[in-house]
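Undergrad: Please see the structure below; I have some questions.
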Amino acid sequence: MKKQTTDPLPRREFLKTTSAGLAGLGLLPALSISGQAQSSGAAARIVLPLNHNWLYNDKVLPNAASPTLDDSRFERVTIPHTNKLLPWHGFDDKAYQFISLYRRHFKLPPSMRGKRIFVDFDGVMTAAVVSINGQRLGEYRGGYTPFSFELTPHINWRGDNVLAVEVDSTERKDIPPFGGEIDYLTFGGIYRDVNLRVVSSTFIENVFAKPVNVLKDDRRVDVRVFLNSQGSSGVPLKVTVELRDGNQVLANTTGELQSLAASHYDFRLTNLRSIQLWDLDRPKLYHVHVRMESASGLLDEYQTTIGFREAVFREDGFFLNGRHLKLRGLNRHQTFPYVGQAMPARVQRRDALILKNELKCNVVRTSHYPQSPHFLSACDEIGLLVFEEIPGWQHIGDQQWKDLSVHYVDAMIRRDWNHPSIILWGVRVNESRDDHDFYKRTNELARSLDDSRQTGGVRYRYESELLEDVFTMNDFQIPLRPPNRPLYLNTEFIGHMYPTKRNDNVERITEHTMRHARVHNQLASDKRYAGGLGWCAFDYNTHSNFCSGDRVCYHGVSDIFRIPKPAAGFYKSQCDPKDEIVLEPAFDWARGDRNESFTIAMICSNCDHVKIYMADRLVAELDPDRKEFPHLKYPPFVVNIRSAFSGAWGDLRMDGYIAGKKVISRTLSGKGADQQFHLEADDRELIGDGIDATRVVMRVTDEYGGARPFATGAIALTITGPGEIIGDNPFSLFGGVGAVWVKTKQVPGIIRLTAKHPTLGSKTVEIHVRRSTPVLI
């Protein structure tokens with residue numbers, strides 16, 4: 001294996017500590033959810049968040065990297081940062097396609113002299129030319145994978161240092177996913193975290209901790225430690241590897257390195273009998289801690305998180321820890337309204353919670369690129385499986401383009417190989433043509449880096465060449481084609497074949513829901529289908545030739561604000577009633593919003609019986625429709641509108657029963673009037689770091705809280721306290737709903753956001769902002 005000199009680092013898991021006595025810095029900072037520092041003791045490594053005090057200009061100036069450039073009039077920004085704030089729809093993607101300039105001034109204490117200094121970027125869209133004190137360090141091409149540059153030789157130890165980043169956010173044909181057409185937008189800016197890393201001349205570059213034989217008594221963890229060495233570090237070195245459950249050490253091993261010639265060193269942790277498995281309902285996590293010492297003392301420490309689980313695709317489906325599991329999930333784009341991809345940790349993590357807890361998915365695909373480390377960590381913590389893939393969409397470029405894609409395979413796997421949630425590496429450009437030599441390289445590389453996971457490669461050609469382990473297939477026809485390979489996973493369906501807005505008529509929103517149910521019913525009919533991931537979880541921005549005319553693809557079961565459409569109710573209804581009792585109508589209550597020939601009303605529920613009342617009259621008793629959906633565990637309920645919903649008009653009440661007991665009730669108003677205005681924040685406490693943010697949802701409902709999809713109105717927003725509004729203001733409701741995000745400023749206090757509806761009055765939400773740890777550099 002080739003020895004690395006710079007690294008795509010899994011920075012989510014560095015032990016972020018500092019040696020005692022470092023002037024002006026004090027104890028080690030370990031990152032919180034917001035990227036701020038927390039004390040965790042003394043060690044030889046320092047990882048400092050570099051997300052504050054950036055200076056931004058939307059044009060690159062002459063001498064952009066020069067320390068003497070006057071940047072006093074630049075805009076002061078925090079990271080994550082989008083190069084251009086945009087409306088949520090109807091914008092021109094050329095608005096963010098330009099080259100911009102970011103500069104960061106910092107000073108380092110003389111006590112750090114003798115250490116090696118790196119700057120680590122988690123993601124910059126799309127290419128970044130990085131300089132320090134006027135010295136160009138290089139260009140990194142690619143917006144979805146991390147990269148690092150060593151600053152050590154160029155540090156000014158007597159005064160100010162200037163880090164300059166020229167960010168090219170154009171769609172460059174030499175950089176994947178570009179070169180052809182792509183059905184999504186990439187946006188621009190330094191949109192993921194930046195850190196400054198201070199280490200010894202020899203340090204731990206990466207750790208791959210691989211659980212082996214997890215279902216047997218002789219289970220173990222094979223630990224591969226990658227070192228980066230410059231100069232003499234006083235070998236021999238002692239390396240100690242520990243498996244920890246909290247503060248308890250469960251196993252350890254120590255080895256002595258007599259030379260540093262190898263690219264990596266292998267260790268084994270054994271005698272692991274009382275280990276709890278990582279599973280969907282109990283995602284138990286452990287820590288692998290690596291410590292490296294020389295005769296003169298501690299050189300470095302590194303910690304990563306793992307879980308013990310066996311995840312494997314077989315001819316008769318997917319198995320987790322020896323148990324057959326039908327995969328049921330959705331694809332996710334990590335883009336958001338207004339800021340593109342530049343959302344902080346809390347908001348990225350929220351998407352995982354929505355997929356798991358609100359949509360009841362057990363798997364998500366990171367379409368079509370490696371996604372936020374914060375999102376993946378949340379998947380580890382809550383028990384949500386992940387299919388992660390390299391950037392791309394149909395197009396394959398020239399040899400240099402392919403070489404970059406191979407690099408992205410390497411960077412993706414090295415960044416994420418310790419995530420227990422990841423079950424499959426996607427090593428093929430989404431829906432691309434066959435290319436034997438190219439995909440032979442990507443598969444061989446993936447298997448050489450990580451032989452504990454299978455590979456997949458998403459295609460739409462049924463007879464395409466299979467070089468991967470799992471045949472991952474986008475099949476948009478109904479009924480689906482039968483599996484034609486031993487290991488078969490459906491990775492997209494519905495989507496662009498049936499885009500649906502929340503304010504479409506009842507016919508379309510019902511059929512949208514019905515199509516998702518039909519596909520999952522077929523997937524459940526045959527064990528050879530490992531499962532399926534619908535297209536897609538959330539509506540998303542895209543290019544003009546793919547959208548509905550306003551730069552939005554309305555393919556999601558939830559809208560671009562993550563607010564569910566009726567089709568989301570189907571996914572939600574497939575959970576066990578012990579988890580949540582669900583009763584979700586796939587229609588809105590109105591007699592005149594359908595063609596006369598359309599006679600279907602659909603209710604998604606995990607109840608076993610439903611009674612329907614119209615104007616307090618019992619008009620229908622329903623059992624699950626097992627004739628149309630015989631393979632679903634919780635089939636939807638279907639009723640003929642014309643025969644059941646006749647007579648005097650009024651409110652519609654649906655009562656759900658399990659084992660003869662009424663367990664849930666929903667009522668839809670027959671008045672046809674907007675009655676209530678709601679304002680709800682996802683979080684009531686944030687961190688005052690100028691980065692943390694939360695979504696605030698606006699809804700108009702009937703008197704029972706039911707959706708009013710044709711409700712409109714320009715919502716006027718006002719804010720007081722240490723926060724700012726990210727979004728359109730005023731906001732025009734779409735489908736009766738909408739959302740903005742509230743971002744903190746760098747002071748504590750109480751944010752009060754007031755939203756005023758033209759006729760339904762005002763609502764106010766309070767968000768408490770707690771004091772953040774001070775910025776150290």
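Identifiers in the structure tokens: chain A, B, ... in order shown; residue index from 1 per chain; ligand index from 1 in order shown.
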Quick one: DSSP strand (DSSP E) residues in segment 318-429 of chain A, as a list in words?
TA: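 After running DSSP on the backbone, segment 318-429 of chain A has strand (DSSP E) at Phe318, Phe319, Leu320, Arg323, His324, Leu327, Arg328, Gly329, Leu330, Asn331, Val363, Val364, Arg365, Thr366, Leu385, Val386, Phe387, Glu388, Glu389, Ile422, Ile423, Leu424, Trp425 and Gly426 of chain A.
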Undergrad: Which parts of segment 224-365 of chain A does DSSP call helix (DSSP H, G or I) when run on the backbone here, written out as a PDB file with C-alpha atoms, in the first residue's frame?
TA:
```
ATOM      1  CA  ALA A 345     -24.156  19.704  12.158  1.00  0.00           C
ATOM      2  CA  ARG A 346     -27.525  19.974  13.890  1.00  0.00           C
ATOM      3  CA  VAL A 347     -29.430  20.393  10.632  1.00  0.00           C
ATOM      4  CA  GLN A 348     -27.525  17.585   8.872  1.00  0.00           C
ATOM      5  CA  ARG A 349     -28.247  15.274  11.782  1.00  0.00           C
ATOM      6  CA  ARG A 350     -31.922  16.227  11.730  1.00  0.00           C
ATOM      7  CA  ASP A 351     -32.312  14.602   8.307  1.00  0.00           C
ATOM      8  CA  ALA A 352     -31.219  11.253   9.769  1.00  0.00           C
ATOM      9  CA  LEU A 353     -33.778  11.634  12.551  1.00  0.00           C
ATOM     10  CA  ILE A 354     -36.519  12.437  10.029  1.00  0.00           C
ATOM     11  CA  LEU A 355     -35.667   9.369   7.932  1.00  0.00           C
ATOM     12  CA  LYS A 356     -35.564   7.039  10.926  1.00  0.00           C
ATOM     13  CA  ASN A 357     -38.210   8.424  13.271  1.00  0.00           C
ATOM     14  CA  GLU A 358     -40.701  10.155  10.984  1.00  0.00           C
TER      15      GLU A 358
END
```
Undergrad: For Val619 of chain A, please output as a CSV table (one decimal) with all heavy atoms, in the first residue's frame all residues within 6 Å (counting only C-alpha atoms; exclusion window: fewer than 6 positions along the same chain).
TA:
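Below is the file result_2.csv, written as the result:
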```
chain,number,residue,atom,x,y,z
A,612,ILE,N,-65.0,4.7,9.5
A,612,ILE,CA,-65.0,6.1,9.0
A,612,ILE,C,-66.4,6.7,9.2
A,612,ILE,O,-67.4,6.0,8.9
A,612,ILE,CB,-64.7,6.1,7.4
A,612,ILE,CG1,-63.3,5.5,7.2
A,612,ILE,CG2,-64.8,7.5,6.9
A,612,ILE,CD1,-62.9,5.4,5.7
A,613,TYR,N,-66.4,7.9,9.7
A,613,TYR,CA,-67.6,8.6,10.0
A,613,TYR,C,-67.7,9.9,9.2
A,613,TYR,O,-66.7,10.6,9.1
A,613,TYR,CB,-67.7,9.0,11.5
A,613,TYR,CG,-67.8,7.8,12.4
A,613,TYR,CD1,-66.6,7.1,12.8
A,613,TYR,CD2,-69.0,7.3,12.9
A,613,TYR,CE1,-66.6,6.0,13.6
A,613,TYR,CE2,-69.0,6.2,13.8
A,613,TYR,CZ,-67.8,5.6,14.1
A,613,TYR,OH,-67.9,4.5,14.9
A,644,ALA,N,-69.2,5.1,-0.5
A,644,ALA,CA,-69.1,5.3,1.0
A,644,ALA,C,-69.4,6.7,1.4
A,644,ALA,O,-70.0,6.9,2.5
A,644,ALA,CB,-67.7,4.9,1.5
```
Undergrad: Would you mind reading off the distance between atom CA of Gly723 of chain A and atom CA of Gly690 of chain A, one decimal, in Å?
TA: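 According to the coordinates, atom CA of Gly723 of chain A and atom CA of Gly690 of chain A are separated by 8.3 Å.
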Undergrad: When you draw a straight line from atom CA of Arg752 of chain A to atom CA of Thr82 of chain A, how long is it in Å?
TA: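 Taking atom CA of Arg752 of chain A and atom CA of Thr82 of chain A, their separation equals 24.8 Å.
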Undergrad: Extract, using only C-alpha atoms, all DNA, RNA and protein residues at most 8 Å from segment 322-327 of chain A, discarding same-chain residues fewer than 2 positions from it, and format them as a list in words.
TA: Leu215, Glu310, Gly317, Phe318, Phe319, Leu320, Gly329, Asn362, Val363, Ala524, Ala530, Gly531, Gly532 and Leu533 of chain A
Undergrad: Pick out the residues sitting within 9 Å of Phe106 of chain A, and hand them over as a list in words; count only C-alpha atoms, and ignore anything fewer than 4 positions along from it in its own chain.
TA: Gly159, Asp160, Asn161, Val162, Leu163 and Ile777 of chain A
Undergrad: I need the chosen residues saved as a compact mmCIF listing (two decimals), in the first residue's frame, with N, CA and C atoms.
TA:
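Wrote it out as again07.txt, contents follow:
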```txt
# COMPACT_ATOMS: atom_id res chain seq x y z
N GLY A 159 4.08 36.46 13.96
CA GLY A 159 2.94 37.35 13.79
C GLY A 159 1.80 36.69 13.04
N ASP A 160 1.15 37.50 12.20
CA ASP A 160 -0.07 37.08 11.52
C ASP A 160 0.20 36.09 10.40
N ASN A 161 -0.67 35.08 10.31
CA ASN A 161 -0.70 34.15 9.17
C ASN A 161 -2.00 34.37 8.41
N VAL A 162 -1.91 34.25 7.10
CA VAL A 162 -3.11 34.43 6.27
C VAL A 162 -3.31 33.19 5.41
N LEU A 163 -4.40 32.51 5.69
CA LEU A 163 -4.82 31.37 4.88
C LEU A 163 -5.80 31.88 3.84
N ILE A 777 -8.54 30.49 18.28
CA ILE A 777 -7.60 31.18 17.38
C ILE A 777 -8.39 31.93 16.33
```
Undergrad: Name all residues at most 12 Å from segment 375-380 of chain A (count only C-alpha atoms; drop same-chain ones fewer than 5 positions away) and give them as a PyMOL selection string.
TA: chain A and resi 10-13+33+192+278-286+304-309+332-334+343-357+361-366+370+385-388+415-423
Undergrad: Please list as a list in words every residue within 8 Å of Ile719 of chain A, counting only C-alpha atoms and excluding residues in the same chain fewer than 6 positions away.
TA: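 Here the qualifying residues turn out to be Ile725, Ile751, Arg752, Leu753 and Thr754 of chain A.
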Undergrad: Selected residues, C-alpha atoms, written as a PDB file, in the first residue's frame, please.
TA:
```pdb
ATOM      1  CA  ILE A 725     -33.426  34.397   9.568  1.00  0.00           C
ATOM      2  CA  ILE A 751     -34.372  34.517  20.081  1.00  0.00           C
ATOM      3  CA  ARG A 752     -37.995  35.398  19.421  1.00  0.00           C
ATOM      4  CA  LEU A 753     -39.236  34.732  15.918  1.00  0.00           C
ATOM      5  CA  THR A 754     -42.685  36.113  15.118  1.00  0.00           C
TER       6      THR A 754
END
```
Undergrad: Suppose you want the space between atom CA of Ser732 of chain A and atom CA of Met698 of chain A; what is it in Å?
TA: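 Between atom CA of Ser732 of chain A and atom CA of Met698 of chain A the gap is 10.2 Å.
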